[in-house]
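*Asks:* Starting off with a structure, shown below.
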Amino acid sequence: MNPTIIEPFKIKVVEPIALLTREQREAHLRKAGFNLFALPAEAVTFDLLTDSGTSAMSAAQWAAMMIADESYAGSRSFFRFEKVIRDLTGYTHIIPTHQGRASERILFALTVKPGLTIPSNAHFDTTRANIEFDGGTCVDLVIAEGRDPQSEHPFKGNIDLGRLEAFCREHKGSIPLGMMTITNNTGGGQPVSLENLRAAAAIYRRHQIPFILDACRFAENAYFVQQREPGQRNRSVREIAQEIFRLADGCTMSGKKDGLVNMGGFLALNDSKLAEEARNLLILTEGFPTYGGCAARDLEAFAVGIEEAMDESYLEYRQATVRYLARGLEQAGMPTVKPPGGHAVYVDARAFLPHVPPEQYPGHTLSCALYREGGIRSCEIGSVMFGKRDPKGKFLPAAMELVRLALPRRVYTQSHVDRIVEIARDVAARATELRGLRMTYCPKYLPHFTAQFEPM
Ligand SMILES: Cc1ncc(COP(=O)(O)O)c(C=O)c1O
């Protein structure tokens with residue numbers, strides 16, 4: 001029998017968890033306009049809204065924060081951070097930002113204009129919003145299996161290479177950069193194979209299109225490559241990650257994921273002219289280039305965290321936790337995206353609630369039910385996030401109606417996951433009684449953050 005994969009850490013600092021009654025949760029839900037982002041965190045028992053910025057930091061990270069050098073310019077902490085990131089990525093210019101979307105905003109402000117188009121396996125919502133804000137068009141070219149929640153393809157984040165090649169040919173001269181998101185958050189936290197990344201890089205290179213990685217979850221992606229890709233088993237996660245970064249010309253990074261920090265990000269580039277322009281913009285809104293949008297102590301914690309995120313016993317435990325939750329939800333009667341992704345389990349709400357039409361938001365309906373039943377906060381990734389209306393007002397649903405249960409890094413234990421599965425079982429037992437929601441307020445950008453709803 002295989003030994004149990006344990007949490008490879010001891011708990012040194014604890015934080016109480018909210019335990020509420022169903023009536024209290026119902027009242028909170030109404031007050032929040034049925035938007036879980038509007039709930040006070042104190043009303044949440046299991047906060048699986050996101051894995052972003054919610055990691056528990058290690059003693060080594062806290063210790064590094066204490067020795068940070070908070071000098072305005074030329075901080076020792078910046079040079080340490082820069083060295084760690086440069087050793088890992090190989091990129092020439094390392095530009096700290098306060099989080100991933102700040103890197104995106106700066107990069108796209110300099111490269112995207114109306115009429116230009118940016119291909120990727122799948123753009124995440126902040127990436128898409130920032131590109132569209134600058135007038136660009138986002139095109140997702142993920143393989144067909146990546147859109148099929150039941151496909152067991154080991155690398156469902158792969159880009160369709162044939163379509164990418166054709167797209168680059170057809171849109172010659174109007175592609176300022178090409179992207180790949182590792183892992184593919186929008187499609188279920190699914191990894192991209194090294195082979196696919198190599199081939200995509202070659203296509204971009206052949207068409208002289210700069211290749212930028214959205215590298216938020218590079219360590220989880222590299223771990224999947226090691227575990228699943230033929231010929232990669234004997235390489236370290238670090239070695240694989242180093243190769244992946246070197247296939248591209250730069251990256252945007254949110255340290256709030258595989259940086260294991262609560263705040264921080266960076267933009268890394270090889271192109272010196274673009275980097276100079278990026279630093280000029282950085283100074284306008286983020287800060288001086290040796291701190292970006294961060295305190296030096298954030299950079300110290302980030303430098304330690306990004307190394308810890310490549311620790312293979314940590315990655316093994318993290319994957320085991322995600323698989324354990326996915327198995328539990330399946331046994332509870334909730335169909336999940338297969339195979340489970342790197343940072344979250346995605347429930348296929350369209351399959352779970354077939355009686356709720358997309359314009360009544362099956363994913364969001366399920367999210368609200370999980371909160372009402374047991375205080376679980378999850379995130380809809382479906383028609384609330386990506387649904388659109390055409391010029392005639394016709395509703396265009398998202399490709400999938402998913403509910404993401406994201407696992408904060410190093411935060412919850414196995415008994416927490418056991419309880420989450422029990423709550424899911426109770427929701428599943430009453431699935432046919434669940435009614436959809438009507439959106440009563442829709443903001444212009446990123447509707448899932450502030451939209452308001454009422455029950456049908
Ligand atoms: C794939 C991906 N890209 C970009 C971002 C944006 O990062 P941040 O939240 O740090 O702005 C996220 C955040 O969730 C993400 O998952």
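Chain labels A, B, ... are given in the sequence in which chains occur in the structure tokens; within each chain residues are numbered consecutively from 1, and ligands are likewise numbered from 1 in the order shown.
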I'd like the contact shell of segment 122-139 of chain A - 8 Å cut-off, only C-alpha atoms, skipping same-chain residues fewer than 2 positions apart - returned as a tab-separated table (two decimals) with N, CA and C atoms, in the first residue's frame.

*Replies:*
```tsv
chain	number	residue	atom	x	y	z
A	101	ARG	N	-2.07	41.56	-12.85
A	101	ARG	CA	-2.78	42.43	-13.79
A	101	ARG	C	-2.06	43.76	-13.99
A	104	GLU	N	0.17	43.02	-16.73
A	104	GLU	CA	-0.62	42.95	-17.98
A	104	GLU	C	-0.93	44.36	-18.48
A	105	ARG	N	-1.38	45.20	-17.56
A	105	ARG	CA	-1.79	46.55	-17.97
A	105	ARG	C	-0.63	47.29	-18.62
A	108	PHE	N	0.34	45.54	-22.10
A	108	PHE	CA	-0.63	45.74	-23.19
A	108	PHE	C	-0.77	47.22	-23.55
A	109	ALA	N	-0.61	48.10	-22.59
A	109	ALA	CA	-0.67	49.54	-22.91
A	109	ALA	C	0.40	49.88	-23.94
A	112	VAL	N	-0.64	46.87	-27.40
A	112	VAL	CA	-1.95	46.59	-28.01
A	112	VAL	C	-2.64	47.87	-28.44
A	113	LYS	N	-3.20	47.82	-29.64
A	113	LYS	CA	-3.97	48.96	-30.17
A	113	LYS	C	-5.21	48.41	-30.86
A	114	PRO	N	-6.22	49.26	-31.08
A	114	PRO	CA	-7.41	48.77	-31.79
A	114	PRO	C	-7.01	48.13	-33.11
A	115	GLY	N	-7.64	47.01	-33.41
A	115	GLY	CA	-7.35	46.30	-34.66
A	115	GLY	C	-6.34	45.18	-34.47
A	116	LEU	N	-5.63	45.18	-33.34
A	116	LEU	CA	-4.64	44.11	-33.11
A	116	LEU	C	-5.29	42.95	-32.36
A	117	THR	N	-4.69	41.80	-32.53
A	117	THR	CA	-5.30	40.60	-31.97
A	117	THR	C	-4.23	39.72	-31.30
A	118	ILE	N	-4.60	39.11	-30.17
A	118	ILE	CA	-3.61	38.36	-29.38
A	118	ILE	C	-4.10	36.93	-29.17
A	119	PRO	N	-3.40	35.96	-29.79
A	119	PRO	CA	-3.78	34.56	-29.58
A	119	PRO	C	-3.18	34.00	-28.29
A	120	SER	N	-3.86	33.01	-27.75
A	120	SER	CA	-3.35	32.29	-26.57
A	120	SER	C	-4.04	30.94	-26.53
A	141	LEU	N	-7.29	29.60	-28.44
A	141	LEU	CA	-7.11	28.50	-29.40
A	141	LEU	C	-6.79	27.19	-28.70
A	142	VAL	N	-7.40	26.97	-27.55
A	142	VAL	CA	-7.13	25.74	-26.80
A	142	VAL	C	-7.61	24.54	-27.61
A	157	GLY	N	-4.61	22.00	-21.41
A	157	GLY	CA	-4.32	23.42	-21.61
A	157	GLY	C	-3.59	23.67	-22.92
A	180	MET	N	0.70	32.20	-23.93
A	180	MET	CA	0.26	30.89	-23.43
A	180	MET	C	0.08	31.05	-21.92
A	181	THR	N	-1.03	30.54	-21.41
A	181	THR	CA	-1.31	30.64	-19.97
A	181	THR	C	-1.01	29.29	-19.34
A	184	ASN	N	-3.79	26.54	-17.53
A	184	ASN	CA	-4.93	27.25	-18.07
A	184	ASN	C	-6.04	27.34	-17.03
A	185	ASN	N	-6.09	28.47	-16.35
A	185	ASN	CA	-7.06	28.67	-15.26
A	185	ASN	C	-8.49	28.62	-15.80
A	186	THR	N	-8.73	29.35	-16.88
A	186	THR	CA	-10.09	29.45	-17.43
A	186	THR	C	-10.64	28.07	-17.79
A	187	GLY	N	-9.78	27.19	-18.28
A	187	GLY	CA	-10.25	25.88	-18.74
A	187	GLY	C	-10.15	24.80	-17.69
A	385	MET	N	-19.11	35.33	-15.67
A	385	MET	CA	-17.78	35.87	-15.98
A	385	MET	C	-17.62	36.18	-17.48
A	445	TYR	N	-17.01	46.17	-16.81
A	445	TYR	CA	-15.87	45.24	-16.86
A	445	TYR	C	-15.96	44.21	-15.75
A	446	LEU	N	-15.42	43.04	-16.00
A	446	LEU	CA	-15.28	41.99	-14.99
A	446	LEU	C	-16.54	41.85	-14.12
```

*Asks:* Could you pull the residues within 7 Å of Gly292 of chain A, counting only C-alpha atoms, minus those fewer than 5 positions along the same chain, as a VMD selection string?

*Replies:* chain A and resid 95 to 98 282 286 to 287

*Asks:* Taking only segment 69-251 of chain A into account, list the residues labelled strand (DSSP E or B) by DSSP (computed from the backbone), as a tab-separated table (two decimals) with C-alpha atoms, in the first residue's frame.

*Replies:*
```
chain	number	residue	atom	x	y	z
A	93	HIS	CA	14.68	42.61	-17.39
A	94	ILE	CA	12.77	41.88	-14.18
A	95	ILE	CA	10.18	44.52	-13.37
A	96	PRO	CA	8.33	44.12	-10.07
A	97	THR	CA	4.63	44.99	-9.99
A	117	THR	CA	-5.30	40.60	-31.97
A	118	ILE	CA	-3.61	38.36	-29.38
A	119	PRO	CA	-3.78	34.56	-29.58
A	120	SER	CA	-3.35	32.29	-26.57
A	137	THR	CA	-9.09	41.29	-29.53
A	138	CYS	CA	-8.38	38.08	-27.61
A	139	VAL	CA	-8.48	34.75	-29.36
A	140	ASP	CA	-8.48	31.45	-27.44
A	142	VAL	CA	-7.13	25.74	-26.80
A	159	ILE	CA	-2.97	25.18	-27.76
A	178	GLY	CA	1.33	35.70	-28.67
A	179	MET	CA	0.62	34.19	-25.29
A	180	MET	CA	0.26	30.89	-23.43
A	181	THR	CA	-1.31	30.64	-19.97
A	184	ASN	CA	-4.93	27.25	-18.07
A	190	GLN	CA	-5.19	22.38	-16.94
A	211	PHE	CA	6.01	35.09	-27.13
A	212	ILE	CA	4.85	36.04	-23.62
A	213	LEU	CA	3.91	33.49	-20.96
A	214	ASP	CA	1.22	34.09	-18.38
A	250	GLY	CA	9.11	37.25	-21.40
A	251	CYS	CA	6.28	36.68	-18.98
```

*Asks:* Name the residues in contact with Pro230 of chain A at a cut-off of 12 Å, using only C-alpha atoms, excluding same-chain residues fewer than 5 positions from it; report them as a PyMOL selection string.

*Replies:* chain A and resi 154+193-195+224-225+235

*Asks:* Which of these residues is nearest to Gly328 of chain A, using only C-alpha atoms: A:Glu422, A:Asp69, A:Glu170, A:Glu165?

*Replies:*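 Looking at the shortest contact to Gly328 of chain A, the residue is A:Glu422.
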